[in-house]
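Data from entry-v8.cif: mmCIF, C-alpha atoms and all ligand atoms
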data_my_file
#
loop_
_atom_site.group_PDB
_atom_site.id
_atom_site.type_symbol
_atom_site.label_atom_id
_atom_site.label_comp_id
_atom_site.auth_asym_id
_atom_site.auth_seq_id
_atom_site.Cartn_x
_atom_site.Cartn_y
_atom_site.Cartn_z
ATOM 1 C CA MET A 1428 5.079 -116.020 165.078
ATOM 2 C CA PRO A 1429 8.047 -115.991 167.457
ATOM 3 C CA ILE A 1430 11.367 -117.542 166.504
ATOM 4 C CA LYS A 1431 11.998 -120.563 168.669
ATOM 5 C CA PHE A 1432 15.254 -122.470 169.209
ATOM 6 C CA GLU A 1433 14.779 -125.739 171.047
ATOM 7 C CA ASN A 1434 17.882 -127.543 172.274
ATOM 8 C CA VAL A 1435 19.820 -126.543 169.182
ATOM 9 C CA SER A 1436 23.318 -127.983 168.915
ATOM 10 C CA TYR A 1437 25.650 -127.760 165.954
ATOM 11 C CA THR A 1438 28.895 -129.634 165.362
ATOM 12 C CA TYR A 1439 31.351 -128.683 162.613
ATOM 13 C CA SER A 1440 32.880 -131.696 160.792
ATOM 14 C CA PRO A 1441 31.060 -134.277 162.912
ATOM 15 C CA ASP A 1442 32.485 -137.794 163.170
ATOM 16 C CA THR A 1443 35.961 -136.621 162.228
ATOM 17 C CA PRO A 1444 39.005 -135.895 164.375
ATOM 18 C CA LEU A 1445 38.349 -132.203 163.616
ATOM 19 C CA ALA A 1446 34.831 -132.249 165.079
ATOM 20 C CA LYS A 1447 34.111 -128.962 166.816
ATOM 21 C CA LYS A 1448 31.028 -127.952 168.731
ATOM 22 C CA GLY A 1449 29.719 -124.618 167.445
ATOM 23 C CA LEU A 1450 26.437 -124.539 169.389
ATOM 24 C CA ASP A 1451 25.558 -126.432 172.510
ATOM 25 C CA LYS A 1452 21.898 -126.975 173.505
ATOM 26 C CA VAL A 1453 20.720 -123.466 172.760
ATOM 27 C CA ASN A 1454 17.163 -122.507 173.783
ATOM 28 C CA PHE A 1455 15.413 -119.172 173.315
ATOM 29 C CA GLU A 1456 12.396 -117.435 171.850
ATOM 30 C CA LEU A 1457 12.437 -114.075 170.043
ATOM 31 C CA LYS A 1458 9.280 -112.023 169.757
ATOM 32 C CA ASP A 1459 8.100 -110.576 166.446
ATOM 33 C CA GLY A 1460 9.110 -107.018 165.728
ATOM 34 C CA THR A 1461 11.883 -106.864 168.319
ATOM 35 C CA PHE A 1462 15.496 -105.728 168.021
ATOM 36 C CA ASN A 1463 17.769 -108.483 169.291
ATOM 37 C CA ALA A 1464 21.510 -108.236 169.874
ATOM 38 C CA ILE A 1465 23.844 -111.227 170.041
ATOM 39 C CA ILE A 1466 27.059 -110.584 171.923
ATOM 40 C CA GLY A 1467 29.967 -112.676 173.163
ATOM 41 C CA HIS A 1468 33.653 -113.216 172.796
ATOM 42 C CA THR A 1469 35.346 -114.075 169.544
ATOM 43 C CA GLY A 1470 34.721 -117.757 168.835
ATOM 44 C CA SER A 1471 31.713 -117.937 171.167
ATOM 45 C CA GLY A 1472 29.345 -119.107 168.417
ATOM 46 C CA LYS A 1473 27.622 -115.899 167.279
ATOM 47 C CA SER A 1474 28.134 -116.435 163.549
ATOM 48 C CA THR A 1475 27.300 -120.120 163.872
ATOM 49 C CA LEU A 1476 24.039 -119.145 165.566
ATOM 50 C CA MET A 1477 23.270 -116.496 162.925
ATOM 51 C CA GLN A 1478 23.642 -118.980 160.090
ATOM 52 C CA HIS A 1479 20.891 -121.075 161.654
ATOM 53 C CA PHE A 1480 18.273 -118.359 161.237
ATOM 54 C CA ASN A 1481 18.114 -118.856 157.475
ATOM 55 C CA ALA A 1482 19.208 -122.493 157.609
ATOM 56 C CA LEU A 1483 22.550 -121.915 155.949
ATOM 57 C CA LEU A 1484 23.523 -124.272 158.742
ATOM 58 C CA LYS A 1485 20.989 -126.781 160.055
ATOM 59 C CA PRO A 1486 21.041 -128.000 163.630
ATOM 60 C CA THR A 1487 22.888 -131.249 164.247
ATOM 61 C CA ASN A 1488 20.375 -131.746 167.069
ATOM 62 C CA GLY A 1489 17.297 -129.900 168.171
ATOM 63 C CA GLN A 1490 14.911 -127.802 166.113
ATOM 64 C CA ILE A 1491 14.178 -124.263 165.053
ATOM 65 C CA GLU A 1492 10.794 -122.725 164.402
ATOM 66 C CA ILE A 1493 11.028 -119.688 162.197
ATOM 67 C CA ALA A 1494 8.768 -117.965 159.646
ATOM 68 C CA GLY A 1495 6.213 -120.756 159.839
ATOM 69 C CA MET A 1496 8.776 -123.511 159.211
ATOM 70 C CA THR A 1497 10.412 -126.082 161.420
ATOM 71 C CA ILE A 1498 14.083 -126.703 160.668
ATOM 72 C CA THR A 1499 15.859 -129.836 161.802
ATOM 73 C CA ALA A 1500 18.908 -131.787 160.633
ATOM 74 C CA ASP A 1501 16.643 -133.548 158.131
ATOM 75 C CA THR A 1502 15.014 -130.519 156.486
ATOM 76 C CA PRO A 1503 15.650 -130.822 152.729
ATOM 77 C CA ASN A 1504 17.333 -127.841 151.039
ATOM 78 C CA LYS A 1505 14.608 -127.600 148.426
ATOM 79 C CA ASN A 1506 12.226 -126.345 151.124
ATOM 80 C CA LEU A 1507 14.410 -123.420 152.052
ATOM 81 C CA LYS A 1508 13.705 -120.832 149.355
ATOM 82 C CA ASN A 1509 10.511 -119.717 151.013
ATOM 83 C CA LEU A 1510 12.324 -119.391 154.329
ATOM 84 C CA ARG A 1511 14.997 -117.207 152.744
ATOM 85 C CA ARG A 1512 12.361 -114.917 151.296
ATOM 86 C CA HIS A 1513 11.354 -114.139 154.883
ATOM 87 C CA VAL A 1514 14.687 -114.381 156.678
ATOM 88 C CA SER A 1515 17.765 -112.750 155.235
ATOM 89 C CA LEU A 1516 21.316 -112.726 156.488
ATOM 90 C CA VAL A 1517 24.170 -110.313 155.905
ATOM 91 C CA PHE A 1518 27.355 -112.312 156.440
ATOM 92 C CA GLN A 1519 30.176 -111.228 158.678
ATOM 93 C CA PHE A 1520 32.329 -111.055 155.531
ATOM 94 C CA PRO A 1521 29.945 -109.551 152.978
ATOM 95 C CA GLU A 1522 32.369 -109.826 150.059
ATOM 96 C CA MET A 1523 31.407 -113.508 150.227
ATOM 97 C CA GLN A 1524 27.870 -112.677 149.153
ATOM 98 C CA LEU A 1525 28.548 -110.337 146.221
ATOM 99 C CA PHE A 1526 28.727 -111.894 142.790
ATOM 100 C CA GLU A 1527 26.989 -109.880 140.054
ATOM 101 C CA ASN A 1528 28.732 -107.675 137.462
ATOM 102 C CA THR A 1529 27.443 -104.387 138.760
ATOM 103 C CA VAL A 1530 26.377 -103.063 142.122
ATOM 104 C CA LEU A 1531 22.786 -102.458 140.983
ATOM 105 C CA GLU A 1532 22.480 -105.945 139.504
ATOM 106 C CA ASP A 1533 23.813 -107.311 142.752
ATOM 107 C CA ILE A 1534 21.250 -105.471 144.853
ATOM 108 C CA ALA A 1535 18.462 -106.403 142.408
ATOM 109 C CA PHE A 1536 19.361 -110.098 142.515
ATOM 110 C CA GLY A 1537 17.427 -110.852 145.714
ATOM 111 C CA PRO A 1538 14.223 -109.065 144.691
ATOM 112 C CA LYS A 1539 14.321 -110.784 141.258
ATOM 113 C CA ASN A 1540 14.993 -114.149 142.835
ATOM 114 C CA PHE A 1541 11.956 -113.683 145.042
ATOM 115 C CA GLY A 1542 9.553 -112.782 142.249
ATOM 116 C CA TYR A 1543 9.824 -109.027 141.644
ATOM 117 C CA ASP A 1544 9.693 -108.242 137.917
ATOM 118 C CA LYS A 1545 12.846 -106.745 136.378
ATOM 119 C CA GLU A 1546 11.682 -103.164 136.561
ATOM 120 C CA LYS A 1547 10.436 -103.361 140.135
ATOM 121 C CA ALA A 1548 13.656 -105.091 141.206
ATOM 122 C CA LEU A 1549 15.728 -102.304 139.646
ATOM 123 C CA THR A 1550 13.603 -99.591 141.243
ATOM 124 C CA SER A 1551 13.996 -101.284 144.599
ATOM 125 C CA ALA A 1552 17.768 -101.632 144.043
ATOM 126 C CA LYS A 1553 18.116 -97.919 143.280
ATOM 127 C CA TYR A 1554 16.054 -97.020 146.325
ATOM 128 C CA TRP A 1555 18.146 -99.181 148.688
ATOM 129 C CA LEU A 1556 21.457 -98.068 147.157
ATOM 130 C CA LYS A 1557 20.526 -94.584 148.295
ATOM 131 C CA LYS A 1558 19.116 -95.771 151.642
ATOM 132 C CA VAL A 1559 22.464 -97.331 152.594
ATOM 133 C CA GLY A 1560 24.201 -94.057 151.777
ATOM 134 C CA LEU A 1561 25.913 -94.900 148.491
ATOM 135 C CA PRO A 1562 25.996 -92.432 145.582
ATOM 136 C CA GLU A 1563 24.057 -93.258 142.434
ATOM 137 C CA GLU A 1564 27.170 -93.539 140.253
ATOM 138 C CA ILE A 1565 28.405 -96.539 142.238
ATOM 139 C CA GLY A 1566 25.441 -98.492 140.864
ATOM 140 C CA GLY A 1567 27.198 -99.156 137.564
ATOM 141 C CA ARG A 1568 30.497 -100.271 139.036
ATOM 142 C CA SER A 1569 31.684 -103.779 139.802
ATOM 143 C CA PRO A 1570 31.046 -104.640 143.461
ATOM 144 C CA PHE A 1571 34.593 -105.988 143.614
ATOM 145 C CA GLU A 1572 36.125 -102.570 142.938
ATOM 146 C CA LEU A 1573 34.636 -101.140 146.120
ATOM 147 C CA SER A 1574 36.144 -100.582 149.547
ATOM 148 C CA GLY A 1575 35.293 -103.012 152.340
ATOM 149 C CA GLY A 1576 32.818 -100.561 153.858
ATOM 150 C CA GLN A 1577 31.131 -99.942 150.507
ATOM 151 C CA MET A 1578 30.871 -103.688 149.836
ATOM 152 C CA ARG A 1579 29.224 -104.102 153.196
ATOM 153 C CA ARG A 1580 26.647 -101.455 152.330
ATOM 154 C CA VAL A 1581 25.930 -103.154 149.003
ATOM 155 C CA ALA A 1582 25.422 -106.479 150.763
ATOM 156 C CA ILE A 1583 23.068 -104.808 153.249
ATOM 157 C CA ALA A 1584 21.107 -103.099 150.461
ATOM 158 C CA GLY A 1585 20.911 -106.449 148.665
ATOM 159 C CA VAL A 1586 19.118 -108.183 151.511
ATOM 160 C CA MET A 1587 16.931 -105.243 152.495
ATOM 161 C CA ALA A 1588 15.749 -104.738 148.906
ATOM 162 C CA TYR A 1589 13.170 -107.537 149.159
ATOM 163 C CA GLU A 1590 12.127 -106.427 152.636
ATOM 164 C CA PRO A 1591 12.430 -109.659 154.608
ATOM 165 C CA ASP A 1592 10.373 -110.000 157.804
ATOM 166 C CA ILE A 1593 13.472 -111.024 159.715
ATOM 167 C CA LEU A 1594 16.739 -109.223 159.061
ATOM 168 C CA CYS A 1595 19.888 -110.891 160.425
ATOM 169 C CA LEU A 1596 23.092 -108.883 160.453
ATOM 170 C CA ASP A 1597 26.463 -110.309 161.456
ATOM 171 C CA GLU A 1598 28.618 -107.354 162.556
ATOM 172 C CA PRO A 1599 27.217 -105.101 159.827
ATOM 173 C CA ALA A 1600 29.048 -102.024 161.045
ATOM 174 C CA ALA A 1601 32.554 -103.507 160.945
ATOM 175 C CA GLY A 1602 34.730 -101.478 158.595
ATOM 176 C CA LEU A 1603 32.427 -98.457 158.605
ATOM 177 C CA ASP A 1604 33.496 -95.096 159.964
ATOM 178 C CA PRO A 1605 31.619 -93.836 163.055
ATOM 179 C CA LEU A 1606 29.186 -91.635 161.129
ATOM 180 C CA ALA A 1607 28.401 -94.387 158.635
ATOM 181 C CA ARG A 1608 27.914 -96.811 161.529
ATOM 182 C CA LYS A 1609 25.428 -94.462 163.114
ATOM 183 C CA GLN A 1610 23.507 -94.054 159.853
ATOM 184 C CA MET A 1611 23.432 -97.802 159.334
ATOM 185 C CA MET A 1612 22.219 -98.472 162.867
ATOM 186 C CA ALA A 1613 19.509 -95.846 162.397
ATOM 187 C CA LEU A 1614 18.453 -97.621 159.202
ATOM 188 C CA PHE A 1615 18.110 -100.955 161.006
ATOM 189 C CA SER A 1616 16.238 -99.315 163.844
ATOM 190 C CA GLU A 1617 13.812 -97.661 161.426
ATOM 191 C CA TYR A 1618 13.323 -101.036 159.725
ATOM 192 C CA GLN A 1619 12.473 -102.617 163.070
ATOM 193 C CA LYS A 1620 10.055 -99.828 163.952
ATOM 194 C CA GLU A 1621 8.221 -100.514 160.686
ATOM 195 C CA GLY A 1622 7.369 -103.906 162.176
ATOM 196 C CA HIS A 1623 10.252 -106.190 161.194
ATOM 197 C CA THR A 1624 12.409 -108.336 163.456
ATOM 198 C CA VAL A 1625 16.103 -107.437 163.581
ATOM 199 C CA ILE A 1626 18.855 -109.716 164.872
ATOM 200 C CA LEU A 1627 22.292 -108.157 165.118
ATOM 201 C CA VAL A 1628 25.677 -109.553 166.098
ATOM 202 C CA THR A 1629 27.891 -106.838 167.475
ATOM 203 C CA HIS A 1630 30.895 -106.129 169.645
ATOM 204 C CA ASN A 1631 29.690 -102.571 170.166
ATOM 205 C CA MET A 1632 27.942 -102.298 173.521
ATOM 206 C CA ASP A 1633 26.806 -98.732 172.829
ATOM 207 C CA ASP A 1634 24.786 -100.029 169.891
ATOM 208 C CA VAL A 1635 23.346 -102.750 172.114
ATOM 209 C CA ALA A 1636 22.348 -100.155 174.727
ATOM 210 C CA ASP A 1637 20.949 -97.758 172.133
ATOM 211 C CA TYR A 1638 18.887 -100.155 170.038
ATOM 212 C CA ALA A 1639 18.329 -103.620 171.487
ATOM 213 C CA ASP A 1640 15.159 -104.774 173.266
ATOM 214 C CA ASN A 1641 16.706 -108.111 174.020
ATOM 215 C CA VAL A 1642 20.277 -109.389 174.343
ATOM 216 C CA LEU A 1643 21.607 -112.927 173.911
ATOM 217 C CA VAL A 1644 25.035 -113.614 175.384
ATOM 218 C CA MET A 1645 27.014 -116.492 173.883
ATOM 219 C CA GLU A 1646 30.011 -118.268 175.407
ATOM 220 C CA HIS A 1647 31.651 -121.479 174.144
ATOM 221 C CA GLY A 1648 28.625 -122.245 171.971
ATOM 222 C CA LYS A 1649 26.206 -121.886 174.875
ATOM 223 C CA LEU A 1650 23.627 -119.202 175.489
ATOM 224 C CA ILE A 1651 24.658 -118.033 178.946
ATOM 225 C CA LYS A 1652 22.227 -115.163 179.405
ATOM 226 C CA GLU A 1653 19.225 -113.582 177.716
ATOM 227 C CA ASP A 1654 17.745 -110.356 179.023
ATOM 228 C CA SER A 1655 17.109 -106.664 178.385
ATOM 229 C CA PRO A 1656 20.191 -104.411 178.029
ATOM 230 C CA LYS A 1657 19.263 -102.858 181.378
ATOM 231 C CA GLU A 1658 19.500 -106.204 183.169
ATOM 232 C CA ILE A 1659 22.553 -107.388 181.215
ATOM 233 C CA PHE A 1660 24.594 -104.256 181.906
ATOM 234 C CA LYS A 1661 23.491 -103.874 185.520
ATOM 235 C CA ASP A 1662 25.806 -106.583 186.778
ATOM 236 C CA ARG A 1663 29.324 -105.220 186.270
ATOM 237 C CA LYS A 1664 30.979 -108.071 188.092
ATOM 238 C CA TRP A 1665 29.284 -110.636 185.869
ATOM 239 C CA LEU A 1666 30.311 -108.697 182.757
ATOM 240 C CA GLN A 1667 33.921 -108.601 183.881
ATOM 241 C CA GLU A 1668 33.910 -112.300 184.699
ATOM 242 C CA HIS A 1669 32.751 -113.008 181.171
ATOM 243 C CA HIS A 1670 35.125 -110.490 179.561
ATOM 244 C CA LEU A 1671 32.321 -108.379 178.194
ATOM 245 C CA GLU A 1672 32.509 -104.643 177.794
ATOM 246 C CA GLU A 1673 30.055 -102.096 179.140
ATOM 247 C CA PRO A 1674 28.440 -99.248 177.247
ATOM 248 C CA LYS A 1675 30.539 -96.076 177.470
ATOM 249 C CA SER A 1676 27.775 -94.200 179.291
ATOM 250 C CA SER A 1677 27.545 -96.664 182.171
ATOM 251 C CA LEU A 1678 31.367 -96.821 182.402
ATOM 252 C CA PHE A 1679 31.499 -93.033 182.540
ATOM 253 C CA ALA A 1680 28.755 -92.896 185.182
ATOM 254 C CA ALA A 1681 30.636 -95.424 187.313
ATOM 255 C CA LYS A 1682 33.681 -93.146 187.296
ATOM 256 C CA LEU A 1683 31.675 -90.178 188.575
ATOM 257 C CA THR A 1684 31.935 -91.451 192.112
ATOM 258 C CA ASN A 1685 30.527 -88.244 193.670
ATOM 259 C CA PHE A 1686 27.369 -88.588 191.645
ATOM 260 C CA LYS A 1687 24.395 -90.775 192.423
ATOM 261 C CA PHE A 1688 22.446 -92.306 189.556
ATOM 262 C CA LYS A 1689 19.001 -93.598 190.416
ATOM 263 C CA LYS A 1690 19.109 -95.760 187.333
ATOM 264 C CA LEU A 1691 22.255 -96.814 185.539
ATOM 265 C CA PRO A 1692 22.606 -94.679 182.397
ATOM 266 C CA LEU A 1693 23.125 -96.867 179.336
ATOM 267 C CA THR A 1694 22.892 -94.246 176.620
ATOM 268 C CA ILE A 1695 24.336 -90.752 176.195
ATOM 269 C CA ASP A 1696 20.879 -89.236 176.677
ATOM 270 C CA GLU A 1697 20.363 -91.107 179.936
ATOM 271 C CA LEU A 1698 23.855 -90.096 181.072
ATOM 272 C CA ILE A 1699 23.170 -86.417 180.371
ATOM 273 C CA THR A 1700 19.845 -86.552 182.197
ATOM 274 C CA GLY A 1701 21.510 -88.266 185.175
ATOM 275 C CA ILE A 1702 24.317 -85.703 185.325
ATOM 276 C CA GLU A 1703 21.847 -82.812 185.083
ATOM 277 C CA LYS A 1704 19.829 -84.222 187.973
ATOM 278 C CA ASN A 1705 22.974 -84.486 190.104
ATOM 279 C CA LEU A 1706 24.008 -80.918 189.285
ATOM 280 C CA LYS A 1707 20.584 -79.593 190.287
ATOM 281 C CA ARG A 1708 20.743 -81.231 193.681
HETATM 282 N N1 LIG B 1 33.832 -123.782 159.300
HETATM 283 C C1 LIG B 1 34.233 -124.116 160.536
HETATM 284 N N2 LIG B 1 34.819 -125.313 160.759
HETATM 285 C C2 LIG B 1 35.198 -125.687 162.017
HETATM 286 N N3 LIG B 1 35.034 -124.904 163.103
HETATM 287 C C3 LIG B 1 34.467 -123.718 162.935
HETATM 288 C C4 LIG B 1 34.040 -123.243 161.648
HETATM 289 N N4 LIG B 1 33.497 -122.003 161.800
HETATM 290 C C5 LIG B 1 33.601 -121.726 163.108
HETATM 291 N N5 LIG B 1 34.177 -122.738 163.787
HETATM 292 C C6 LIG B 1 34.443 -122.787 165.243
HETATM 293 O O1 LIG B 1 33.209 -122.664 165.949
HETATM 294 C C7 LIG B 1 33.336 -121.785 167.059
HETATM 295 C C8 LIG B 1 32.358 -120.632 166.930
HETATM 296 O O2 LIG B 1 32.726 -119.831 165.803
HETATM 297 P P1 LIG B 1 31.897 -118.585 165.333
HETATM 298 O O3 LIG B 1 32.434 -118.171 164.005
HETATM 299 O O4 LIG B 1 30.457 -118.892 165.426
HETATM 300 O O5 LIG B 1 32.284 -117.510 166.460
HETATM 301 P P2 LIG B 1 31.917 -115.962 166.589
HETATM 302 O O6 LIG B 1 31.312 -115.793 167.938
HETATM 303 O O7 LIG B 1 31.143 -115.526 165.416
HETATM 304 O O8 LIG B 1 33.358 -115.250 166.589
HETATM 305 P P3 LIG B 1 33.811 -113.809 166.017
HETATM 306 O O9 LIG B 1 33.421 -112.796 167.057
HETATM 307 O O10 LIG B 1 35.297 -113.952 165.916
HETATM 308 O O11 LIG B 1 33.165 -113.593 164.707
HETATM 309 C C9 LIG B 1 34.798 -121.343 167.077
HETATM 310 O O12 LIG B 1 35.489 -122.142 167.995
HETATM 311 C C10 LIG B 1 35.290 -121.607 165.669
HETATM 312 O O13 LIG B 1 36.645 -121.923 165.656
HETATM 313 MG MG MG B 2 31.484 -114.211 163.899
#
I need this file expressed as structure tokens, please.
Ligand SMILES: Nc1ncnc2c1ncn2[C@@H]1O[C@H](COP(=O)(O)OP(=O)(O)OP(=O)(O)O)[C@@H](O)[C@H]1O
Ligand SMILES: [Mg+2]
Amino acid sequence: MPIKFENVSYTYSPDTPLAKKGLDKVNFELKDGTFNAIIGHTGSGKSTLMQHFNALLKPTNGQIEIAGMTITADTPNKNLKNLRRHVSLVFQFPEMQLFENTVLEDIAFGPKNFGYDKEKALTSAKYWLKKVGLPEEIGGRSPFELSGGQMRRVAIAGVMAYEPDILCLDEPAAGLDPLARKQMMALFSEYQKEGHTVILVTHNMDDVADYADNVLVMEHGKLIKEDSPKEIFKDRKWLQEHHLEEPKSSLFAAKLTNFKFKKLPLTIDELITGIEKNLKR
């Protein structure tokens, strides 16, 4: 079933002098099994939007259909466990979601919470510890003794370990070195190709170009555009007006003024193919 946002608005601290609109009448539909990127300036509402997918925040107005549930302002919290089995979120600041004594216990928490027996939860935790590129010996350490990048990987392993249908990641590659970022993105892409839905907040337009089927652009709490990366990145003037970056490949292609590109290259592979074609001419 697609994920559907209908006129979703969210206000922080409503009815107080500090009231602040986080989302403003947001409408969209995401298809099952797609890779979706959410982009936009700092403060545009990306994290606020992300927290609606698993109802950590509930809409002040409007409604969300997700994983067979309808979420509104009035949805009671006791109904949310089933939702969170299907929709998991890695926070922008993952140290906020680590709390067990050891890394393995932390990763096993989700699977246990959602009904895996102890042994199966531990097996899954060990498997995902490795999948996110952490060495086995880290499993016995306290998650709070780790580096920021390692904590992030533990948090990612912790939500992937019960294999949610919908995986939401708020800037999961922040604090990772370029190689680790690549490995992590490949992991999410593989997860999507296995049939899951991935929703990713990122400032990295190369990742958007490489992996996303669909892009949502946020600005001041509003969804200002939703389209394929090809359509989003085609309009350079629009991107500049909204202070959005371009993928490196399309920037590079634009600087090769003697070259003609039939289609705008968005990825390194497309750029290489385009350059080769020009050189053969
Ligand atoms: N807990 C909060 N209380 C009040 N206002 C908030 C709170 N969290 C966010 N906001 C405000 O809501 C707006 C959207 O914030 P949000 O964190 O969703 O932005 P973002 O797009 O994720 O930014 P970034 O790229 O910096 O992570 C901002 O103006 C922010 O100041
Ligand atoms: Mg954010």
Open item on the list: the PyMOL selection byres (((not hetatm)) within 10 of (chain B and resi 1)) - which residues does that actually catch in the file I just gave you? List them as a ChimeraX atom specification.
Closed with: /A:1437-1441,1445-1450,1465-1478,1519-1520,1597-1598,1628-1630,1644-1648
Task: Shell of 12 Å around region 1654-1659 of chain A, only C-alpha atoms, local chain residues under 2 positions omitted, as an NGL selection string - done: :A and (1455-1457 or 1461-1466 or 1632-1644 or 1650-1652 or 1661-1667 or 1669 or 1671-1674 or 1677 or 1690-1694 or 1697)
TODO: Take the point (19.1, -116.6, 157.9) as written in the file and pick out every residue within 9 Å of it, counting all atoms listed in the file; give the list as a PyMOL selection string.
DONE: chain A and resi 1477-1484+1510-1511+1513-1517+1593-1595
Task: Option closest in space to Lys1431 (chain A), from A:Ile1583, A:Ile1565, A:Ile1491, A:Ala1601 [counting all atoms listed in the file] - done: A:Ile1491
Mind giving me the axis-aligned box for region 1485-1497 of chain A with 3 Å on every side, centre plus edges in Å to one decimal, as JSON?
{"center_x": 14.6, "center_y": -124.9, "center_z": 163.7, "size_x": 22.7, "size_y": 19.8, "size_z": 15.0}
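Of the listed residues A:Ile1702, A:Ala1681, A:Phe1518, A:Gly1566, the one whose atoms come nearest to ligand MG 2 (chain B) is A:Phe1518, with distances taken using only C-alpha atoms and all ligand atoms.
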- [ ] Expand the PyMOL selection byres (((chain A and resi 1609-1620) around 8) and not hetatm) into the individual residues it matches in the shown file, reporting them as a PyMOL selection string.
- [x] chain A and resi 1460-1462+1558-1559+1600+1605-1608+1621-1625+1634+1638
Residues matched by the PyMOL selection byres (((chain A and resi 1529) around 8) and not hetatm), written as an mmCIF file with C-alpha atoms, keeping the file's coordinate frame:
data_model
loop_
_atom_site.group_PDB
_atom_site.id
_atom_site.type_symbol
_atom_site.label_atom_id
_atom_site.label_comp_id
_atom_site.auth_asym_id
_atom_site.auth_seq_id
_atom_site.Cartn_x
_atom_site.Cartn_y
_atom_site.Cartn_z
ATOM 1 C CA GLU A 1527 26.989 -109.880 140.054
ATOM 2 C CA ASN A 1528 28.732 -107.675 137.462
ATOM 3 C CA VAL A 1530 26.377 -103.063 142.122
ATOM 4 C CA LEU A 1531 22.786 -102.458 140.983
ATOM 5 C CA GLU A 1532 22.480 -105.945 139.504
ATOM 6 C CA ASP A 1533 23.813 -107.311 142.752
ATOM 7 C CA GLY A 1566 25.441 -98.492 140.864
ATOM 8 C CA GLY A 1567 27.198 -99.156 137.564
ATOM 9 C CA ARG A 1568 30.497 -100.271 139.036
ATOM 10 C CA SER A 1569 31.684 -103.779 139.802
ATOM 11 C CA PRO A 1570 31.046 -104.640 143.461
#
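Candidate residues A:Ala1588, A:Gly1575, A:Leu1525, A:Asn1509 were compared for distance to Tyr1543 (chain A), and the nearest is A:Ala1588, using all atoms listed in the file.
For the residues A:Leu1596, A:Leu1683, A:Leu1507, A:Met1428, ranking by smallest atom-to-atom distance to ligand MG 2 (chain B) using all atoms listed in the file places A:Leu1596 first.
For the pair CA of Lys1485 (chain A) and CA of Ile1498 (chain A), the separation is 6.9 Å.
Distances here use only C-alpha atoms; by that measure, the residue among A:Thr1550, A:Asn1434, A:Asn1506, A:Ser1676 closest to Leu1698 (chain A) is A:Ser1676.
For the pair CA of Lys1553 (chain A) and CA of Val1581 (chain A), the interatomic distance is 11.0 Å.
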